[in-house]
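Q: Mind having a look at this structure? Questions to follow.
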Amino acid sequence: MNASLLAVLNDGERLLVAQTGRAELAALDEDAAIDLEARIRRARNKYVGQYRRNASARVAEHGARGAARPENQRAAMKAEAFEEALARVSRRVAALARQAAAELRAERLAAARAARHGGGPEAPRPVPAARPPRSPASPPVTGRYARPGPRSSGPVPSPRAPAGRRSATADEHLPGNRRSGFISGIAALATGAITI
């Protein structure tokens with residue numbers, strides 16, 4: 001870590017950051033690494049909050065938070081130091097989590113193999129029985145319910161695609177439509193061609 005960043009830290013903070021060294025992190029188990037990550041995250045959040053609060057309080061006199069930064073340099077440097085430490089610890093926690101997940105997966109697979117074969121993991125695997133060949137009397141399934149081939153991504157489409165939707169008003173005026181007679185009857189009533 002940059003010596004100028006370490007110089008702004010007090011003794012307790014320096015000890016906390018020192019726990020994020022490569023050798024110190026290698027000695028931690030997953031739970032201890034998670035606890036260290038939480039402590040460093042709290043310290044980082046504390047100094048980021050201090051920096052933002054102090055800078056926003058000076059916005060009125062300086063015009064912007066960035067312009068007020070030189071007067072607030074110490075909190076910004078502490079936040080940066082803890083941000084770097086947090087990044088190191090987070091990488092270690094992620095590596096330990098991946099390792100634990102791989103171990104759990106290996107245990108689960110070994111237990112599943114043992115349960116399937118009724119013995120330990122050393123039990124030989126039985127050879128699956130071959131499927132009988134399809135009888136020539138049964139024709140292959142074709143059409144909508146055919147199994148897709150290796151290049152297909154879904155069921156085989158029907159040879160004739162359905163027609164697009166028609167509007168209701170267009171359907172009403174088609175010959176042979178039940179409603180077309182009804183509508184023409186209403187029109188005849190309205191014009192006076194039919195009396196009731």
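Ligands are numbered from 1 in the order shown, chains are lettered A, B, ... in the order of the structure tokens, and residues start at 1 in each chain.
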Could you list, as a PyMOL selection string, every residue within 8 Å of stretch 80-91 of chain A, counting only C-alpha atoms and ignoring same-chain residues fewer than 6 positions away?

A: chain A and resi 1+5-6+17+20+25+33+36-37+40-41+43-44

Q: Would you mind telling me which residue in A:Ala3, A:Ala55, A:Ala38, A:Ala101 lies nearest to A:Leu16 when using only C-alpha atoms?

A: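 Among the listed residues, the smallest separation from A:Leu16 belongs to A:Ala38.
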
Q: Using only C-alpha atoms, which residue out of A:Asp31, A:Val48, A:Leu15, A:Arg116 lies closest to A:Arg74?

A: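 Among the listed residues, the smallest separation from A:Arg74 belongs to A:Val48.
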
Q: Have a look at atom CA of A:Tyr51 and atom CA of A:Ala67 and let me know their distance in Å, one decimal.

A: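 If I compute the distance from atom CA of A:Tyr51 to atom CA of A:Ala67, I get 12.7 Å.
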
Q: Can you tell me, as a list in words, what residues are no more than 12 Å from A:Asp29 when counting only C-alpha atoms, ignoring any on the same chain fewer than 2 positions away?

A: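 Near neighbours after the sequence-gap exclusion: Glu24, Leu25, Ala26, Ala27, Asp31, Ala32, Ala33, Ile34, Asp35, Leu36, Val89, Arg92, Val93, Ala94, Ala95, Leu96, Ala97, Gln99 and Ala100 of chain A.
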
Q: For the residues in that selection, give me N, CA and C atoms as a PDB file, in the first residue's frame.

A:
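And here's selection28.pdb as it stands now:
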```pdb
ATOM      1  N   GLU A  24      -1.164 -12.752   6.078  1.00  0.00           N
ATOM      2  CA  GLU A  24      -2.235 -12.735   7.085  1.00  0.00           C
ATOM      3  C   GLU A  24      -3.542 -13.268   6.508  1.00  0.00           C
ATOM      4  N   LEU A  25      -3.851 -12.895   5.281  1.00  0.00           N
ATOM      5  CA  LEU A  25      -5.089 -13.378   4.658  1.00  0.00           C
ATOM      6  C   LEU A  25      -5.026 -14.874   4.375  1.00  0.00           C
ATOM      7  N   ALA A  26      -3.840 -15.381   4.036  1.00  0.00           N
ATOM      8  CA  ALA A  26      -3.709 -16.814   3.748  1.00  0.00           C
ATOM      9  C   ALA A  26      -3.972 -17.660   4.988  1.00  0.00           C
ATOM     10  N   ALA A  27      -3.725 -17.096   6.172  1.00  0.00           N
ATOM     11  CA  ALA A  27      -3.924 -17.847   7.411  1.00  0.00           C
ATOM     12  C   ALA A  27      -5.382 -17.864   7.859  1.00  0.00           C
ATOM     13  N   ASP A  31     -14.812 -17.911   7.617  1.00  0.00           N
ATOM     14  CA  ASP A  31     -15.566 -17.103   8.578  1.00  0.00           C
ATOM     15  C   ASP A  31     -14.744 -15.931   9.095  1.00  0.00           C
ATOM     16  N   ALA A  32     -13.465 -16.153   9.389  1.00  0.00           N
ATOM     17  CA  ALA A  32     -12.610 -15.071   9.868  1.00  0.00           C
ATOM     18  C   ALA A  32     -12.411 -14.014   8.774  1.00  0.00           C
ATOM     19  N   ALA A  33     -12.303 -14.452   7.524  1.00  0.00           N
ATOM     20  CA  ALA A  33     -12.144 -13.513   6.415  1.00  0.00           C
ATOM     21  C   ALA A  33     -13.405 -12.670   6.238  1.00  0.00           C
ATOM     22  N   ILE A  34     -14.565 -13.276   6.424  1.00  0.00           N
ATOM     23  CA  ILE A  34     -15.827 -12.535   6.307  1.00  0.00           C
ATOM     24  C   ILE A  34     -15.940 -11.508   7.431  1.00  0.00           C
ATOM     25  N   ASP A  35     -15.523 -11.876   8.655  1.00  0.00           N
ATOM     26  CA  ASP A  35     -15.552 -10.920   9.763  1.00  0.00           C
ATOM     27  C   ASP A  35     -14.606  -9.745   9.512  1.00  0.00           C
ATOM     28  N   LEU A  36     -13.410 -10.036   9.013  1.00  0.00           N
ATOM     29  CA  LEU A  36     -12.456  -8.973   8.701  1.00  0.00           C
ATOM     30  C   LEU A  36     -13.003  -8.067   7.600  1.00  0.00           C
ATOM     31  N   VAL A  89      -9.334  -8.009   0.790  1.00  0.00           N
ATOM     32  CA  VAL A  89     -10.074  -8.967   1.611  1.00  0.00           C
ATOM     33  C   VAL A  89     -11.225  -9.576   0.821  1.00  0.00           C
ATOM     34  N   ARG A  92     -10.046 -12.359  -1.335  1.00  0.00           N
ATOM     35  CA  ARG A  92      -9.755 -13.561  -0.550  1.00  0.00           C
ATOM     36  C   ARG A  92     -11.052 -14.267  -0.155  1.00  0.00           C
ATOM     37  N   VAL A  93     -12.061 -13.508   0.252  1.00  0.00           N
ATOM     38  CA  VAL A  93     -13.348 -14.120   0.619  1.00  0.00           C
ATOM     39  C   VAL A  93     -13.952 -14.829  -0.588  1.00  0.00           C
ATOM     40  N   ALA A  94     -13.860 -14.225  -1.760  1.00  0.00           N
ATOM     41  CA  ALA A  94     -14.401 -14.857  -2.967  1.00  0.00           C
ATOM     42  C   ALA A  94     -13.657 -16.142  -3.291  1.00  0.00           C
ATOM     43  N   ALA A  95     -12.333 -16.138  -3.139  1.00  0.00           N
ATOM     44  CA  ALA A  95     -11.557 -17.352  -3.420  1.00  0.00           C
ATOM     45  C   ALA A  95     -11.916 -18.457  -2.435  1.00  0.00           C
ATOM     46  N   LEU A  96     -12.058 -18.112  -1.151  1.00  0.00           N
ATOM     47  CA  LEU A  96     -12.435 -19.121  -0.153  1.00  0.00           C
ATOM     48  C   LEU A  96     -13.845 -19.650  -0.411  1.00  0.00           C
ATOM     49  N   ALA A  97     -14.751 -18.792  -0.854  1.00  0.00           N
ATOM     50  CA  ALA A  97     -16.127 -19.229  -1.152  1.00  0.00           C
ATOM     51  C   ALA A  97     -16.139 -20.181  -2.348  1.00  0.00           C
ATOM     52  N   GLN A  99     -13.685 -22.116  -3.261  1.00  0.00           N
ATOM     53  CA  GLN A  99     -13.071 -23.356  -2.793  1.00  0.00           C
ATOM     54  C   GLN A  99     -14.069 -24.178  -1.981  1.00  0.00           C
ATOM     55  N   ALA A 100     -14.801 -23.539  -1.085  1.00  0.00           N
ATOM     56  CA  ALA A 100     -15.795 -24.243  -0.275  1.00  0.00           C
ATOM     57  C   ALA A 100     -16.905 -24.817  -1.153  1.00  0.00           C
TER      58      ALA A 100
END
```

Q: Can you tell me how far atom CA of A:Asp11 sits from atom CA of A:Lys78, in Å to one decimal?

A: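 Atom CA of A:Lys78 lies 12.7 Å from atom CA of A:Asp11.
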
Q: Quick one, how far is atom CA of A:Gly66 from atom CA of A:Lys46?

A: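 Computing it gives 19.0 Å between the two atoms.
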